[in-house]
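Novice: Please find data-v5.txt (compact mmCIF, N, CA, C and O atoms) on the next line:
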```
# COMPACT_ATOMS: atom_id res chain seq x y z
N MET A 239 -96.40 29.26 48.98
CA MET A 239 -97.28 29.45 47.85
C MET A 239 -98.62 28.82 48.19
O MET A 239 -98.66 27.69 48.65
N LYS A 240 -99.66 29.54 47.95
CA LYS A 240 -100.98 29.00 48.23
C LYS A 240 -101.34 27.88 47.27
O LYS A 240 -102.06 26.96 47.62
N ARG A 241 -100.83 27.99 46.03
CA ARG A 241 -101.23 27.02 45.03
C ARG A 241 -100.06 26.71 44.11
O ARG A 241 -99.40 27.61 43.61
N ILE A 242 -99.83 25.43 43.87
CA ILE A 242 -98.80 24.99 42.93
C ILE A 242 -99.50 24.20 41.82
O ILE A 242 -100.17 23.21 42.09
N ILE A 243 -99.35 24.70 40.61
CA ILE A 243 -100.03 24.12 39.46
C ILE A 243 -98.96 23.52 38.54
O ILE A 243 -98.12 24.24 38.04
N ALA A 244 -98.88 22.31 38.30
CA ALA A 244 -99.72 21.21 38.73
C ALA A 244 -98.81 20.15 39.34
O ALA A 244 -97.86 19.71 38.71
N LYS A 245 -99.17 19.73 40.52
CA LYS A 245 -98.41 18.68 41.19
C LYS A 245 -98.42 17.40 40.36
O LYS A 245 -97.47 16.63 40.36
N LYS A 246 -99.50 17.21 39.61
CA LYS A 246 -99.63 16.02 38.76
C LYS A 246 -98.44 15.90 37.80
O LYS A 246 -97.97 14.80 37.53
N THR A 247 -97.96 17.03 37.30
CA THR A 247 -96.79 17.03 36.41
C THR A 247 -95.58 16.43 37.11
O THR A 247 -94.86 15.61 36.54
N LEU A 248 -95.37 16.85 38.36
CA LEU A 248 -94.26 16.32 39.13
C LEU A 248 -94.44 14.83 39.40
O LEU A 248 -93.51 14.04 39.27
N ARG A 249 -95.66 14.45 39.79
CA ARG A 249 -95.94 13.05 40.10
C ARG A 249 -95.70 12.15 38.89
O ARG A 249 -95.08 11.10 39.00
N LYS A 250 -96.18 12.57 37.73
CA LYS A 250 -95.98 11.78 36.52
C LYS A 250 -94.49 11.63 36.22
O LYS A 250 -94.03 10.57 35.79
N TYR A 251 -93.73 12.67 36.47
CA TYR A 251 -92.30 12.62 36.19
C TYR A 251 -91.59 11.68 37.15
O TYR A 251 -90.77 10.86 36.73
N TRP A 252 -91.90 11.78 38.44
CA TRP A 252 -91.18 10.90 39.37
C TRP A 252 -91.63 9.44 39.24
O TRP A 252 -90.89 8.54 39.63
N GLU A 253 -92.81 9.19 38.70
CA GLU A 253 -93.20 7.81 38.42
C GLU A 253 -92.31 7.20 37.34
O GLU A 253 -92.01 6.02 37.36
N LYS A 254 -91.88 8.03 36.37
CA LYS A 254 -90.98 7.57 35.32
C LYS A 254 -89.52 7.59 35.77
O LYS A 254 -88.70 6.85 35.26
N HIS A 255 -89.21 8.48 36.71
CA HIS A 255 -87.84 8.67 37.21
C HIS A 255 -87.85 8.63 38.74
O HIS A 255 -87.73 9.66 39.40
N PRO A 256 -88.02 7.43 39.32
CA PRO A 256 -88.17 7.33 40.78
C PRO A 256 -86.96 7.87 41.56
O PRO A 256 -87.11 8.22 42.73
N GLU A 257 -85.81 7.97 40.94
CA GLU A 257 -84.63 8.49 41.64
C GLU A 257 -84.77 9.96 42.03
O GLU A 257 -84.04 10.45 42.87
N CYS A 258 -85.73 10.67 41.43
CA CYS A 258 -85.92 12.08 41.80
C CYS A 258 -87.17 12.31 42.64
O CYS A 258 -87.45 13.44 43.04
N GLU A 259 -87.90 11.25 42.97
CA GLU A 259 -89.17 11.41 43.69
C GLU A 259 -89.02 12.18 44.99
O GLU A 259 -89.74 13.16 45.23
N GLN A 260 -88.13 11.76 45.86
CA GLN A 260 -88.01 12.42 47.16
C GLN A 260 -87.55 13.86 47.02
O GLN A 260 -88.00 14.73 47.74
N TYR A 261 -86.70 14.13 46.05
CA TYR A 261 -86.22 15.50 45.82
C TYR A 261 -87.37 16.40 45.37
O TYR A 261 -87.49 17.55 45.83
N LEU A 262 -88.21 15.89 44.47
CA LEU A 262 -89.35 16.69 44.00
C LEU A 262 -90.40 16.88 45.10
O LEU A 262 -90.98 17.95 45.23
N LYS A 263 -90.61 15.85 45.89
CA LYS A 263 -91.55 15.97 47.01
C LYS A 263 -91.06 17.01 48.02
O LYS A 263 -91.85 17.79 48.54
N THR A 264 -89.76 17.01 48.27
CA THR A 264 -89.19 17.99 49.20
C THR A 264 -89.33 19.40 48.63
O THR A 264 -89.72 20.32 49.35
N TRP A 265 -89.03 19.57 47.33
CA TRP A 265 -89.21 20.89 46.72
C TRP A 265 -90.66 21.33 46.83
O TRP A 265 -90.95 22.46 47.21
N TYR A 266 -91.59 20.43 46.51
CA TYR A 266 -93.01 20.75 46.54
C TYR A 266 -93.44 21.22 47.94
O TYR A 266 -94.11 22.25 48.07
N GLU A 267 -93.08 20.47 48.96
CA GLU A 267 -93.47 20.84 50.33
C GLU A 267 -92.84 22.16 50.75
O GLU A 267 -93.48 22.99 51.41
N THR A 268 -91.60 22.38 50.38
CA THR A 268 -90.93 23.65 50.71
C THR A 268 -91.65 24.80 50.02
O THR A 268 -91.95 25.82 50.65
N ALA A 269 -91.93 24.64 48.73
CA ALA A 269 -92.61 25.71 47.99
C ALA A 269 -94.02 25.95 48.52
O ALA A 269 -94.46 27.09 48.68
N ARG A 270 -94.73 24.86 48.80
CA ARG A 270 -96.12 24.97 49.27
C ARG A 270 -96.22 25.72 50.59
O ARG A 270 -97.16 26.47 50.82
N THR A 271 -95.24 25.55 51.44
CA THR A 271 -95.31 26.16 52.77
C THR A 271 -94.55 27.49 52.84
O THR A 271 -94.52 28.11 53.90
N SER A 272 -93.96 27.91 51.74
CA SER A 272 -93.23 29.19 51.72
C SER A 272 -94.15 30.32 51.32
O SER A 272 -95.19 30.11 50.69
N ASN A 273 -93.74 31.51 51.68
CA ASN A 273 -94.50 32.71 51.34
C ASN A 273 -93.58 33.67 50.57
O ASN A 273 -93.42 34.81 50.94
N TRP A 274 -92.98 33.14 49.50
CA TRP A 274 -92.03 33.93 48.73
C TRP A 274 -92.73 35.11 48.07
O TRP A 274 -93.75 34.94 47.41
N LYS A 275 -92.16 36.29 48.24
CA LYS A 275 -92.72 37.51 47.65
C LYS A 275 -91.87 38.03 46.49
O LYS A 275 -92.25 38.99 45.82
N SER A 276 -90.70 37.41 46.27
CA SER A 276 -89.80 37.88 45.22
C SER A 276 -88.77 36.79 44.91
O SER A 276 -88.57 35.87 45.72
N PRO A 277 -88.08 36.92 43.78
CA PRO A 277 -87.01 35.98 43.48
C PRO A 277 -85.91 35.98 44.54
O PRO A 277 -85.33 34.94 44.83
N ASN A 278 -85.65 37.14 45.13
CA ASN A 278 -84.62 37.21 46.17
C ASN A 278 -84.97 36.34 47.37
O ASN A 278 -84.09 35.76 48.00
N GLU A 279 -86.24 36.25 47.70
CA GLU A 279 -86.65 35.39 48.81
C GLU A 279 -86.48 33.92 48.45
O GLU A 279 -86.12 33.11 49.30
N ILE A 280 -86.72 33.56 47.19
CA ILE A 280 -86.48 32.19 46.75
C ILE A 280 -85.00 31.86 46.88
O ILE A 280 -84.63 30.79 47.36
N LYS A 281 -84.14 32.81 46.50
CA LYS A 281 -82.69 32.60 46.57
C LYS A 281 -82.21 32.39 48.01
O LYS A 281 -81.21 31.72 48.24
N LYS A 282 -82.94 32.93 48.98
CA LYS A 282 -82.58 32.69 50.38
C LYS A 282 -82.80 31.23 50.76
O LYS A 282 -82.10 30.68 51.60
N THR A 283 -83.79 30.61 50.14
CA THR A 283 -84.09 29.20 50.39
C THR A 283 -83.27 28.29 49.47
O THR A 283 -82.74 27.27 49.90
N TYR A 284 -83.19 28.67 48.20
CA TYR A 284 -82.48 27.89 47.19
C TYR A 284 -81.41 28.76 46.55
O TYR A 284 -81.63 29.38 45.51
N ALA A 285 -80.25 28.80 47.17
CA ALA A 285 -79.17 29.67 46.71
C ALA A 285 -78.72 29.35 45.28
O ALA A 285 -78.27 30.25 44.57
N ASN A 286 -78.86 28.11 44.86
CA ASN A 286 -78.43 27.72 43.51
C ASN A 286 -79.50 27.90 42.44
O ASN A 286 -79.26 27.57 41.28
N ALA A 287 -80.65 28.42 42.81
CA ALA A 287 -81.70 28.65 41.82
C ALA A 287 -81.25 29.75 40.86
O ALA A 287 -80.54 30.68 41.25
N SER A 288 -81.68 29.63 39.61
CA SER A 288 -81.38 30.65 38.60
C SER A 288 -82.63 31.46 38.32
O SER A 288 -83.69 30.90 38.02
N ILE A 289 -82.51 32.77 38.42
CA ILE A 289 -83.63 33.66 38.20
C ILE A 289 -83.65 34.07 36.73
O ILE A 289 -82.65 34.57 36.21
N LEU A 290 -84.78 33.86 36.08
CA LEU A 290 -84.96 34.24 34.69
C LEU A 290 -85.97 35.36 34.57
O LEU A 290 -86.60 35.76 35.56
N ARG A 291 -86.16 35.84 33.34
CA ARG A 291 -87.18 36.86 33.11
C ARG A 291 -88.58 36.27 33.29
O ARG A 291 -88.75 35.07 33.37
N ASP A 292 -89.55 37.16 33.34
CA ASP A 292 -90.96 36.77 33.39
C ASP A 292 -91.29 35.90 34.61
O ASP A 292 -92.07 34.97 34.52
N ASN A 293 -90.64 36.20 35.73
CA ASN A 293 -90.92 35.52 37.01
C ASN A 293 -90.68 34.02 36.97
O ASN A 293 -91.33 33.25 37.67
N ARG A 294 -89.74 33.60 36.16
CA ARG A 294 -89.38 32.18 36.06
C ARG A 294 -88.14 31.92 36.89
O ARG A 294 -87.23 32.75 36.95
N VAL A 295 -88.12 30.74 37.49
CA VAL A 295 -86.98 30.32 38.30
C VAL A 295 -86.64 28.89 37.92
O VAL A 295 -87.53 28.04 37.76
N VAL A 296 -85.34 28.63 37.77
CA VAL A 296 -84.86 27.28 37.49
C VAL A 296 -84.26 26.71 38.78
O VAL A 296 -83.37 27.32 39.37
N PHE A 297 -84.79 25.58 39.20
CA PHE A 297 -84.30 24.90 40.40
C PHE A 297 -83.48 23.69 39.99
O PHE A 297 -83.86 22.95 39.07
N ASN A 298 -82.37 23.49 40.65
CA ASN A 298 -81.54 22.30 40.45
C ASN A 298 -82.06 21.21 41.38
O ASN A 298 -82.16 21.41 42.58
N ILE A 299 -82.39 20.08 40.80
CA ILE A 299 -82.95 18.97 41.56
C ILE A 299 -81.97 17.80 41.51
O ILE A 299 -81.44 17.48 40.45
N LYS A 300 -81.75 17.20 42.65
CA LYS A 300 -80.84 16.05 42.78
C LYS A 300 -79.45 16.40 42.26
O LYS A 300 -78.92 15.76 41.36
N GLY A 301 -78.88 17.43 42.86
CA GLY A 301 -77.51 17.81 42.51
C GLY A 301 -77.37 18.29 41.08
O GLY A 301 -76.35 18.05 40.45
N ASN A 302 -78.41 18.91 40.55
CA ASN A 302 -78.42 19.48 39.21
C ASN A 302 -78.56 18.43 38.11
O ASN A 302 -78.39 18.72 36.94
N TYR A 303 -78.89 17.20 38.49
CA TYR A 303 -79.13 16.18 37.46
C TYR A 303 -80.46 16.47 36.76
O TYR A 303 -80.61 16.23 35.57
N PHE A 304 -81.43 16.97 37.52
CA PHE A 304 -82.73 17.37 36.98
C PHE A 304 -82.87 18.87 37.13
O PHE A 304 -82.31 19.46 38.05
N ARG A 305 -83.68 19.47 36.24
CA ARG A 305 -83.96 20.90 36.33
C ARG A 305 -85.47 21.09 36.32
O ARG A 305 -86.19 20.42 35.59
N LEU A 306 -85.90 22.00 37.15
CA LEU A 306 -87.31 22.30 37.31
C LEU A 306 -87.50 23.79 37.04
O LEU A 306 -86.84 24.62 37.68
N ILE A 307 -88.36 24.13 36.08
CA ILE A 307 -88.66 25.54 35.79
C ILE A 307 -90.05 25.83 36.31
O ILE A 307 -91.02 25.13 35.99
N VAL A 308 -90.14 26.89 37.09
CA VAL A 308 -91.41 27.29 37.69
C VAL A 308 -91.63 28.78 37.40
O VAL A 308 -90.71 29.58 37.55
N LYS A 309 -92.84 29.12 37.00
CA LYS A 309 -93.22 30.51 36.80
C LYS A 309 -94.07 30.93 38.00
O LYS A 309 -95.02 30.23 38.35
N PHE A 310 -93.70 32.03 38.62
CA PHE A 310 -94.37 32.47 39.84
C PHE A 310 -95.26 33.69 39.61
O PHE A 310 -94.90 34.58 38.83
N ASN A 311 -96.37 33.69 40.32
CA ASN A 311 -97.18 34.90 40.47
C ASN A 311 -97.10 35.20 41.97
O ASN A 311 -97.81 34.59 42.78
N TYR A 312 -96.20 36.10 42.34
CA TYR A 312 -95.92 36.36 43.75
C TYR A 312 -97.11 37.01 44.45
O TYR A 312 -97.38 36.72 45.61
N GLU A 313 -97.83 37.86 43.74
CA GLU A 313 -98.97 38.55 44.34
C GLU A 313 -100.07 37.57 44.74
O GLU A 313 -100.61 37.63 45.84
N ARG A 314 -100.39 36.64 43.86
CA ARG A 314 -101.43 35.64 44.15
C ARG A 314 -100.91 34.41 44.88
O ARG A 314 -101.69 33.55 45.27
N GLN A 315 -99.57 34.32 44.98
CA GLN A 315 -98.94 33.17 45.62
C GLN A 315 -99.23 31.88 44.87
O GLN A 315 -99.57 30.85 45.44
N TRP A 316 -99.07 31.96 43.55
CA TRP A 316 -99.24 30.80 42.69
C TRP A 316 -97.90 30.44 42.07
O TRP A 316 -97.08 31.31 41.77
N ALA A 317 -97.69 29.16 41.86
CA ALA A 317 -96.50 28.67 41.19
C ALA A 317 -96.95 27.71 40.08
O ALA A 317 -97.73 26.80 40.34
N PHE A 318 -96.48 27.94 38.87
CA PHE A 318 -96.85 27.14 37.72
C PHE A 318 -95.65 26.31 37.27
O PHE A 318 -94.63 26.87 36.87
N ILE A 319 -95.78 24.99 37.32
CA ILE A 319 -94.72 24.11 36.86
C ILE A 319 -94.68 24.22 35.33
O ILE A 319 -95.68 23.93 34.66
N ARG A 320 -93.54 24.63 34.78
CA ARG A 320 -93.41 24.80 33.34
C ARG A 320 -92.61 23.67 32.69
O ARG A 320 -92.81 23.35 31.53
N PHE A 321 -91.67 23.08 33.45
CA PHE A 321 -90.81 22.05 32.87
C PHE A 321 -90.14 21.28 33.99
O PHE A 321 -89.75 21.85 35.00
N ILE A 322 -89.98 19.98 33.77
CA ILE A 322 -89.13 19.15 34.60
C ILE A 322 -88.44 18.18 33.65
O ILE A 322 -89.08 17.59 32.78
N GLY A 323 -87.13 18.08 33.79
CA GLY A 323 -86.38 17.19 32.93
C GLY A 323 -84.94 17.07 33.38
O GLY A 323 -84.52 17.74 34.32
N THR A 324 -84.22 16.21 32.68
CA THR A 324 -82.80 16.07 32.98
C THR A 324 -82.08 17.35 32.53
O THR A 324 -82.62 18.15 31.76
N HIS A 325 -80.86 17.49 32.99
CA HIS A 325 -80.08 18.65 32.57
C HIS A 325 -79.90 18.62 31.05
O HIS A 325 -79.97 19.66 30.38
N ALA A 326 -79.69 17.45 30.48
CA ALA A 326 -79.54 17.31 29.03
C ALA A 326 -80.81 17.74 28.29
O ALA A 326 -80.74 18.44 27.27
N GLU A 327 -81.97 17.38 28.82
CA GLU A 327 -83.24 17.80 28.21
C GLU A 327 -83.43 19.31 28.35
O GLU A 327 -83.90 19.97 27.43
N TYR A 328 -83.03 19.84 29.49
CA TYR A 328 -83.12 21.27 29.74
C TYR A 328 -82.29 22.05 28.71
O TYR A 328 -82.72 23.10 28.22
N ASP A 329 -81.13 21.53 28.37
CA ASP A 329 -80.26 22.21 27.41
C ASP A 329 -80.89 22.33 26.02
O ASP A 329 -80.44 23.14 25.22
N LYS A 330 -81.93 21.55 25.75
CA LYS A 330 -82.58 21.56 24.42
C LYS A 330 -83.78 22.49 24.34
O LYS A 330 -84.39 22.62 23.28
N ILE A 331 -84.17 23.11 25.44
CA ILE A 331 -85.36 23.97 25.46
C ILE A 331 -84.96 25.42 25.72
O ILE A 331 -83.85 25.71 26.13
N ASN A 332 -85.92 26.31 25.49
CA ASN A 332 -85.74 27.71 25.86
C ASN A 332 -86.46 27.92 27.18
O ASN A 332 -87.69 27.98 27.22
N ALA A 333 -85.72 28.05 28.23
CA ALA A 333 -86.29 28.14 29.58
C ALA A 333 -87.14 29.40 29.77
O ALA A 333 -88.00 29.44 30.64
N GLU A 334 -86.93 30.40 28.94
CA GLU A 334 -87.69 31.65 29.09
C GLU A 334 -89.01 31.66 28.36
O GLU A 334 -89.80 32.58 28.53
N THR A 335 -89.26 30.63 27.56
CA THR A 335 -90.52 30.61 26.81
C THR A 335 -91.35 29.34 27.02
O THR A 335 -92.52 29.31 26.64
N ILE A 336 -90.75 28.31 27.58
CA ILE A 336 -91.49 27.05 27.74
C ILE A 336 -92.66 27.21 28.69
O ILE A 336 -92.64 27.99 29.59
```
I need this file expressed as structure tokens, please.

Specialist:
Amino acid sequence: MKRIIAKKTLRKYWEKHPECEQYLKTWYETARTSNWKSPNEIKKTYANASILRDNRVVFNIKGNYFRLIVKFNYERQWAFIRFIGTHAEYDKINAETI
């Protein structure tokens, strides 16, 4: 992805939850250096990712303890961080509209 919006969201989260810092940094670097053109290409890298409508993907972070929702624009190679939280927090939101 040419651009990931916004890394600051991830940084703020791992400052509050340092146990997920390395996992989020690894996801960020993988996404930043990937050239995903479709959800199927993401699944080749992250087999446990869940594909949602509207180009959204849910990533399991730290053994599914945390969940990361990202909305992709594959044509422009942009990724928009929509949500990061614990699995319990994820269960309280609508992943397709957040």

Novice: Check the DSSP output for the backbone and give back, as a PyMOL selection string, the residues of chain A in helix (DSSP H, G or I).

Specialist: chain A and resi 245-254+256-271+277-283+325-328

Novice: Kindly compute an axis-aligned box around the listed atoms of stretch 273-282 of chain A, allowing 5 Å on each side, and express its centre and edge lengths in Å to one decimal as JSON.

Specialist:
```
{"center_x": -87.9, "center_y": 34.8, "center_z": 47.6, "size_x": 23.3, "size_y": 18.3, "size_z": 18.2}
```

Novice: So how many Å separate atom CA of A:Val295 and atom N of A:Glu259, to one decimal?

Specialist: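 Distance reported for this atom pair: 19.7 Å.
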
Novice: Between atom CA of A:Asn286 and atom CA of A:Lys254, what distance in Å does the model show, to one decimal?

Specialist: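 One can read the atom CA of A:Asn286 to atom CA of A:Lys254 distance as 25.1 Å.
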
Novice: Is it possible to get the residues within 6 Å of (-82.7, 13.7, 47.6) (coordinates as in the file, counting only C-alpha atoms) written as a list in words?

Specialist: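 Result, sorted by chain then residue number: Gln260, Tyr261 and Lys300 of chain A.
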
Novice: Please measure the separation of atom CA of A:Ile331 and atom CA of A:Ala287, giving the value in Å to one decimal.

Specialist: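 Spanning atom CA of A:Ile331 to atom CA of A:Ala287 is a straight-line distance of 17.4 Å.
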
Novice: With a distance cut-off of 7 Å and only N, CA, C and O atoms, select the neighbouring residues of A:Ile299, excluding the residue or stretch itself and same-chain residues fewer than 3 positions from it, and output the selection as a VMD selection string.

Specialist: chain A and resid 258 261 to 262 302 to 306 323

Novice: For the residues in the current selection, export N, CA, C and O atoms as a tab-separated table (two decimals), keeping the file's coordinate frame.

Specialist:
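That gives us out.tsv:
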```tsv
chain	number	residue	atom	x	y	z
A	258	CYS	N	-85.73	10.67	41.43
A	258	CYS	CA	-85.92	12.08	41.80
A	258	CYS	C	-87.17	12.31	42.64
A	258	CYS	O	-87.45	13.44	43.04
A	261	TYR	N	-86.70	14.13	46.05
A	261	TYR	CA	-86.22	15.50	45.82
A	261	TYR	C	-87.37	16.40	45.37
A	261	TYR	O	-87.49	17.55	45.83
A	262	LEU	N	-88.21	15.89	44.47
A	262	LEU	CA	-89.35	16.69	44.00
A	262	LEU	C	-90.40	16.88	45.10
A	262	LEU	O	-90.98	17.95	45.23
A	302	ASN	N	-78.41	18.91	40.55
A	302	ASN	CA	-78.42	19.48	39.21
A	302	ASN	C	-78.56	18.43	38.11
A	302	ASN	O	-78.39	18.72	36.94
A	303	TYR	N	-78.89	17.20	38.49
A	303	TYR	CA	-79.13	16.18	37.46
A	303	TYR	C	-80.46	16.47	36.76
A	303	TYR	O	-80.61	16.23	35.57
A	304	PHE	N	-81.43	16.97	37.52
A	304	PHE	CA	-82.73	17.37	36.98
A	304	PHE	C	-82.87	18.87	37.13
A	304	PHE	O	-82.31	19.46	38.05
A	305	ARG	N	-83.68	19.47	36.24
A	305	ARG	CA	-83.96	20.90	36.33
A	305	ARG	C	-85.47	21.09	36.32
A	305	ARG	O	-86.19	20.42	35.59
A	306	LEU	N	-85.90	22.00	37.15
A	306	LEU	CA	-87.31	22.30	37.31
A	306	LEU	C	-87.50	23.79	37.04
A	306	LEU	O	-86.84	24.62	37.68
A	323	GLY	N	-87.13	18.08	33.79
A	323	GLY	CA	-86.38	17.19	32.93
A	323	GLY	C	-84.94	17.07	33.38
A	323	GLY	O	-84.52	17.74	34.32
```

Novice: Which is closest to A:Arg270 among A:Arg314, A:Arg249, A:His325, A:Lys240, if we use only C-alpha atoms?

Specialist: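 Closest candidate: A:Lys240.
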
Novice: Neighbouring residues of A:Asn332 were defined as those with any atom within 12 Å, considering only C-alpha atoms; residues of the same chain fewer than 5 positions away were excluded. Please report them as an mmCIF file with N, CA, C and O atoms, in the coordinates of the input.

Specialist:
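The resulting file, part17.cif, is shown below:
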```
data_model
loop_
_atom_site.group_PDB
_atom_site.id
_atom_site.type_symbol
_atom_site.label_atom_id
_atom_site.label_comp_id
_atom_site.auth_asym_id
_atom_site.auth_seq_id
_atom_site.Cartn_x
_atom_site.Cartn_y
_atom_site.Cartn_z
ATOM 1 N N LEU A 290 -84.780 33.860 36.080
ATOM 2 C CA LEU A 290 -84.960 34.240 34.690
ATOM 3 C C LEU A 290 -85.970 35.360 34.570
ATOM 4 O O LEU A 290 -86.600 35.760 35.560
ATOM 5 N N ARG A 291 -86.160 35.840 33.340
ATOM 6 C CA ARG A 291 -87.180 36.860 33.110
ATOM 7 C C ARG A 291 -88.580 36.270 33.290
ATOM 8 O O ARG A 291 -88.750 35.070 33.370
ATOM 9 N N ARG A 294 -89.740 33.600 36.160
ATOM 10 C CA ARG A 294 -89.380 32.180 36.060
ATOM 11 C C ARG A 294 -88.140 31.920 36.890
ATOM 12 O O ARG A 294 -87.230 32.750 36.950
ATOM 13 N N VAL A 296 -85.340 28.630 37.770
ATOM 14 C CA VAL A 296 -84.860 27.280 37.490
ATOM 15 C C VAL A 296 -84.260 26.710 38.780
ATOM 16 O O VAL A 296 -83.370 27.320 39.370
ATOM 17 N N ILE A 307 -88.360 24.130 36.080
ATOM 18 C CA ILE A 307 -88.660 25.540 35.790
ATOM 19 C C ILE A 307 -90.050 25.830 36.310
ATOM 20 O O ILE A 307 -91.020 25.130 35.990
ATOM 21 N N ARG A 320 -93.540 24.630 34.780
ATOM 22 C CA ARG A 320 -93.410 24.800 33.340
ATOM 23 C C ARG A 320 -92.610 23.670 32.690
ATOM 24 O O ARG A 320 -92.810 23.350 31.530
ATOM 25 N N PHE A 321 -91.670 23.080 33.450
ATOM 26 C CA PHE A 321 -90.810 22.050 32.870
ATOM 27 C C PHE A 321 -90.140 21.280 33.990
ATOM 28 O O PHE A 321 -89.750 21.850 35.000
ATOM 29 N N GLU A 327 -81.970 17.380 28.820
ATOM 30 C CA GLU A 327 -83.240 17.800 28.210
ATOM 31 C C GLU A 327 -83.430 19.310 28.350
ATOM 32 O O GLU A 327 -83.900 19.970 27.430
#
```
